[in-house]
There are 2 protein chains.
Amino acid sequence: MTDSTKYLLEEEQIPKAWYNVVADLPEPPAPVLHPGTGQPVGPDDLAPLFPMALIGQEVSADREIGIPDPVRDVYRLWRPTPLYRARRLEQALDTPAKIFYKYEGVSPTGSHKPNTAVAQAFYNKEEGITKIATETGAGQWGSSLAFAGGVFGIEIRVFMVKVSYQQKPYRRAMMETFGASCVASPSTETEAGKAVLADNPDSTGSLGIAISEAVEIAATNDDTKYALGSVLNHVLTHQTVVGQEAILQMEMADAYPDVLVGCTGGGSNFAGLVFPFIGNKLRGGPDVEVVAVEPAACPSLTRGQFAYDFGDTKMMTPLVKMHTLGASFVPPGFHAGGLRYHGMGPLVSHLFDLDLIRAVAYHQTECFTAGVQFARSEGITPAPEANHAVKGAIDEALKCKAEGTSRNILFNLCGHGHFDMTAYSEYHAGNLKDEDYSQDELAMALAGLPKVAAE
Amino acid sequence: MTDSTKYLLEEEQIPKAWYNVVADLPEPPAPVLHPGTGQPVGPDDLAPLFPMALIGQEVSADREIGIPDPVRDVYRLWRPTPLYRARRLEQALDTPAKIFYKYEGVSPTGSHKPNTAVAQAFYNKEEGITKIATETGAGQWGSSLAFAGGVFGIEIRVFMVKVSYQQKPYRRAMMETFGASCVASPSTETEAGKAVLADNPDSTGSLGIAISEAVEIAATNDDTKYALGSVLNHVLTHQTVVGQEAILQMEMADAYPDVLVGCTGGGSNFAGLVFPFIGNKLRGGPDVEVVAVEPAACPSLTRGQFAYDFGDTKMMTPLVKMHTLGASFVPPGFHAGGLRYHGMGPLVSHLFDLDLIRAVAYHQTECFTAGVQFARSEGITPAPEANHAVKGAIDEALKCKAEGTSRNILFNLCGHGHFDMTAYSEYHAGNLKDEDYSQDELAMALAGLPKVAAE
C-alpha cells in the first residue's frame with residue numbers, strides 16, 4: 001500500500017465524533033462578548049440565530065462531539081475523501097520531499113463546506129426549524145447549505161453578493177438544482193437591503209450587507225435560523241473529519257507528516273486538517289510544523305492584531321477575539337473570494353497566538369502559477385483559495401530540495417476550481433494583478449477596533 | 001460490504017488489458033471502406049492520421065489488448081473510479097429496484113474521455129509524434145486530450161466550434177491550464193477554415209468544420225497526427241476499463257446487473273460500460289438487458305438506418321457501416337452536445353443489429369427533470385448527456401415499482417455538469433425547449449446516404 005497514489009478508507013472509517021481542540025489546549029480561548037455590555041454572551045443571546053445544539057457545541061470543552069448517524073449517513077455520499085501522494089508533482093519539482101494532499105473536492109459542491117453544512121442542517125431539523133437564511137460570497141457556502149437543506153427538507157434562502165450573483169451564475173444554478181432559492185444582495189426582501197438600495201440603487205453588494213440581510217430574516221422569523229460557513233468554533237470542529245481521516249491515511253502511507261499546510265480565510269478548511277494533528281501533539285504525540293497560508297492582500301494572521309472585533313463589516317455581531325485587520329478593512333479584489341475576510345476564526349487565532357501555527361502570505365499570481373503546475377502534474381485544477389495551499393506546499397518541497405532533506409508534507413486541497421475558471425482565463429491571458437491594500441486604510445481599520453475592558 | 005454506498009477498488013485492480021468485444025461476436029463488424037474505391041481501407045490509408053499502434057487496435061480481433069504500464073500509471077490519478085449504490089434515489093422513487101451507477105466524473109476533466117485520451121497520447125508519443133490536432137464541440141474531449149498531451153509532452157491544438165468557444169470559456173481555460181492551445185473554428189489557420197470564412201465571415205462553426213480543420217493540420221504536417229474522442233473501435237475499446245471495474249464492484253455488492261443503461265452519442269461511454277458485460281454473456285455468462293438512451297432530437301439508433309455513411313458532415317472520411325441519420329442531417333440545438341452526432345459508433349451499431357442492445361429516446365426536458373431529482377438525492381449534478389442515462393435508469397426503476405419486482409440496474413454516470421450549468425439555469429427558469437427535427441430533412445439526409453456495392 002505504501003507505493004499507492006491514493007489512500008482510500010472504508011465508509012466504516014468515517015469518524016464517529018468531531019474533534020474539539022479546545023479540550024487539549026493549555027489555556028481556553030477568550031469568551032465571546034456582548035457588544036453592548038462587554039460581558040460574555042450566553043446561550044439565550046444566540047438562540048434567535050442558532051439551534052441550541054450548535055450553541056452548545058460552540059462553547060463546548062468536550063474533546064469528542066458525537067456525529068449523529070443521519071449526518072454520517074449523508075457523509076457517505078462522498079466521505080471518506082481520498083488522500084493522494086503527489087508523485088508526479090514531486091517528480092516535476094525534483095524534490096526529495098514526499099508531498100501528500102487530502103482532497104475535499106469530491107464533495108457534492110466541490111469543497112469541504114458540506115462537512116459542516118450537513119451537520120448544521122441536521123441540528124436545525126432536529127429542533128423543528130424549517131427554514132435557514134444565509135449569505136454567500138463566491139457561492140461555495142451557499143451551494144453547500146443548499147445541498148444540505150435539500151437532504152433534510154429545510155428551505156434554504158441564500159443572499160448572494162450581487163457582483164458574484166452576476167459573475168457566477170453557475171453557482172446560483174447549482175443552488176437551485178439542490179432546491180434552494182438564491183437572491184442577489186442587496187435585495188428588497190429585507191429592511192437592511194432596502195436601506196442600502198435607497199442609498200445606492202446600483203450597489204453591487206458586499207458580504208457584510210448579505211450577512212445583515214440573512215441575519216435579519218432569521219431574527220425576525222420564528223421558523224427561520226441563520227447559518228455561517230466558517231469562523232465559528234462549531235464550524236471548525238465539524239471540519240475535523242478531514243484531519244481525522246488524514247491521520248489514518250498517512251498511517252496507511254507509513255508517513256506521519258512533518259509539515260501541514262492549509263489556506264486560511266475564516267479558517268475552516270485549515271482547522272479541519274490541522275486540529276486533529278495538533279491535538280495528537282498536545283497529547284504527547286509527534287511534533288508537527290503547521291503553516292497557515294493567507295493572501296497577501298488580506299493578511300489577518302501576518303499583519304493583523306489579536307483583539308476583540310466584530311465578525312461583520314456592519315459591526316452588528318457579538319465581539320470575538322481574533323486576529324483581525326479591523327471590521328472596516330476592505331481588502332482589494334482578488335479571485336480567492338473565500339479568503340477575503342477581515343478576521344481569522346478565533347480558535348485558529350488562539351492557536352497562532354500559542355505558537356502552535358506559523359503563517360505566510362502570498363500574492364495571487366504566484367499562487368495561480370503553483371496551481372497550474374499542480375494541475376498539469378496531478379490532473380486536478382484547484383480552486384483559487386486552494387492554490388494558496390498548493391503554493392505553500394511547493395515552497396516547503398523546494399526548501400527540502402535546497403537542503404537535501406526529505407520531509408513528509410501534507411496539505412489540504414480544499415476544493416476544485418470548476419466554478420472559478422474565469423480566474424484561470426485571466427491568468428493565462430496575463431491579466432491577473434496583485435493589488436495591495438492601502439497601509440493607511442489598514443492603520444485606520446486597526447485604530448477603529450472596539451475598546452473592550454476584558455482585554 | 002454489501003450495504004455500502006460506494007464500492008471502491010485498489011489501484012492494483014485497474015484492468016491490465018482493454019477488452020475487445022469483436023473477439024466474442026458471432027459475426028465480425030463490416031469493414032471500413034475507402035470512399036473513392038469502395039474497397040476496404042488498409043493501414044496505409046489511415047497512417048497520415050493515426051499512429052500504427054492505434055490503427056492495429058482499430059482492426060484487431062484479439063480479445064485482450066494490453067494496457068501499457070505508463071498508461072495505467074496515469075490512470076492511477078483517478079482510477080479505479082467509484083461505483084455507487086443510489087440508496088437515496090431508490091428511497092425517493094420508493095422502488096424495490098436496486099440502482100447502481102459507475103461514476104466517471106472523478107477524472108481530471110470530469111468525464112470518461114481521459115480513458116482514451118491518455119492511451120492515444122501515449123501511442124502517439126511512442127511513435128515520435130510531437131503534436132496532435134483535434135476538434136471539440138462542448139469541450140469534454142478537447143480538455144481531456146489537453147490533459148493527456150500535457151502528461152506525455154505532446155503539443156495539443158484544439159479546434160473548438162466557435163459557438164461553444166464563445167459560450168463555454170471555462171472549457172477553454174481548462175485546456176490552457178493543461179498546456180494546450182485552443183482556437184475557435186472556423187479559423188484562419190487552415191484552408192478549410194479560410195474557405196468557410198470567405199463564404200461566411202460570421203460562421204459560428206460546426207463539428208464538421210472543426211473536424212476538417214484538425215484533419216487538414218494532421219494530413220499536411222508530418223509531425224502532427226489527429227485524434228478522435230468517440231465512434232472508432234479503438235476508442236470504444238479503451239473505455240472498457242469502465243465496465244471491467246464495474247464487474248468487480250458489482251461482485252463486491254453481490255449484485256450482478258439485470259439491466260445496464262448508458263447514454264449514446266458516438267457510443268464510447270456506453271460501450272465502455274456494457275461491452276465487458278455483453279462479452280460475459282456471449283461467453284456463456286449471465287444474461288443482461290442493455291438499454292442505449294439517445295436524445296429524441298438526434299435518434300440514430302431508434303430512427304436511423306444501418307448503412308455505410310461518412311463520419312463527418314463534409315463527407316471526407318472513410319465510409320463506416322453504422323446506424324445513421326445521414327451525414328447531412330443537422331439535429332436541432334439541445335444541451336447534450338456530446339450526443340449531437342448523426343451516426344452511432346460502428347461497434348455499437350453492430351451489436352444493436354445483433355439484438356444485443358435495445359434503444360430508447362428521450363427529450364431533454366424530461367432528462368433534466370431526472371437529473372435534478374438525481375442531484376437532490378445523490379449530491380452529484382450530472383452532465384446533460386449523463387441525464388439521459390439517469391432518466392433511463394429511473395424509468396427502469398419505476399417499471400420495477402409498477403411490476404412489484406426487484407432488479408439490479410446499473411448505469412454509467414459518465415460525467416458531471418459543472419461546465420454545463422447554463423443548461424440547468426435555463427431548466428430552472430422554465431426556458432428549456434424540446435425541439436424536434438424536421439421529418440423532411442431526415443428523409444432527405446437518409447436519401448443522400450452513399451451507395452455502396454458491398455451492402
# chains A, B, ... in the order shown; residues from 1 in each chain; ligands from 1
>>> interface_residues(of="chain A", to="chain B", cutoff="6 Å", atoms="only C-alpha atoms", output="list in words")
Pro108, Tyr170, Ala173, Thr177, Phe178, Val372, Arg376, Gly379, Ile380, Met421 and Ser425 of chain A
>>> residues_around(residues="segment 240-244 of chain B", least_positions_apart="2", cutoff="9 Å", atoms="only C-alpha atoms", output="PyMOL selection string")
chain B and resi 14-20+80-81+102+104+112+115+236-238+246-249+268-269+271-277+412
>>> residues_around(residues="segment 125-133 of chain B", least_positions_apart="5", cutoff="7 Å", atoms="only C-alpha atoms", output="PyMOL selection string")
chain B and resi 51+152+154-158+214+217-218+223-227
>>> select_by_dssp(residues="segment 116-323 of chain A", states="strand (DSSP E)", output="ChimeraX atom specification")
/A:131-136,155-161,181-185,224-226,259-263,289-295,305-310,319-323
>>> closest_residue(among="A:Val32, A:Ala393, A:Ala117, A:Ala359", to="Leu260 of chain A", atoms="only C-alpha atoms")
A:Ala393
>>> residues_around(residues="segment 205-213 of chain B", least_positions_apart="4", cutoff="9 Å", atoms="only C-alpha atoms", output="ChimeraX atom specification")
/B:133-137,158-164,184-187,189-193,196,217-218,312-316,341
>>> residues_around(residues="segment 42-44 of chain B", least_positions_apart="5", cutoff="8 Å", atoms="only C-alpha atoms", output="PyMOL selection string")
chain B and resi 52+55-56
>>> atom_distance(atom1="atom CA of Phe100 of chain B", atom2="atom CA of Thr264 of chain B")
18.5 Å
>>> atom_distance(atom1="atom CA of Glu216 of chain B", atom2="atom CA of Pro318 of chain B")
14.8 Å
>>> residues_around(residues="Asp309 of chain B", least_positions_apart="6", cutoff="8 Å", atoms="only C-alpha atoms", output="compact mmCIF listing (two decimals) with C-alpha atoms, in the first residue's frame")
# COMPACT_ATOMS: atom_id res chain seq x y z
CA LEU B 319 -17.15 5.03 -45.05
CA VAL B 320 -18.23 3.15 -41.96
CA LYS B 321 -21.29 0.97 -41.54
CA MET B 322 -23.34 2.39 -38.71
CA THR B 324 -27.03 6.88 -39.10
CA GLY B 326 -27.32 10.68 -42.80
CA ALA B 327 -24.12 12.73 -42.79
CA LEU B 449 -26.67 8.10 -48.00
CA PRO B 450 -23.82 6.96 -50.27
>>> atom_distance(atom1="atom CA of Glu366 of chain A", atom2="atom CA of Leu301 of chain A")
19.4 Å
>>> residues_around(residues="Pro299 of chain A", least_positions_apart="4", cutoff="9 Å", atoms="only C-alpha atoms", output="JSON, numbers by chain")
{"A": [294, 295, 303, 304, 324, 325, 342, 343, 360, 361]}
>>> closest_residue(among="A:Val21, A:Leu347, A:Phe352, A:Thr95", to="Val290 of chain A", atoms="only C-alpha atoms")
A:Phe352
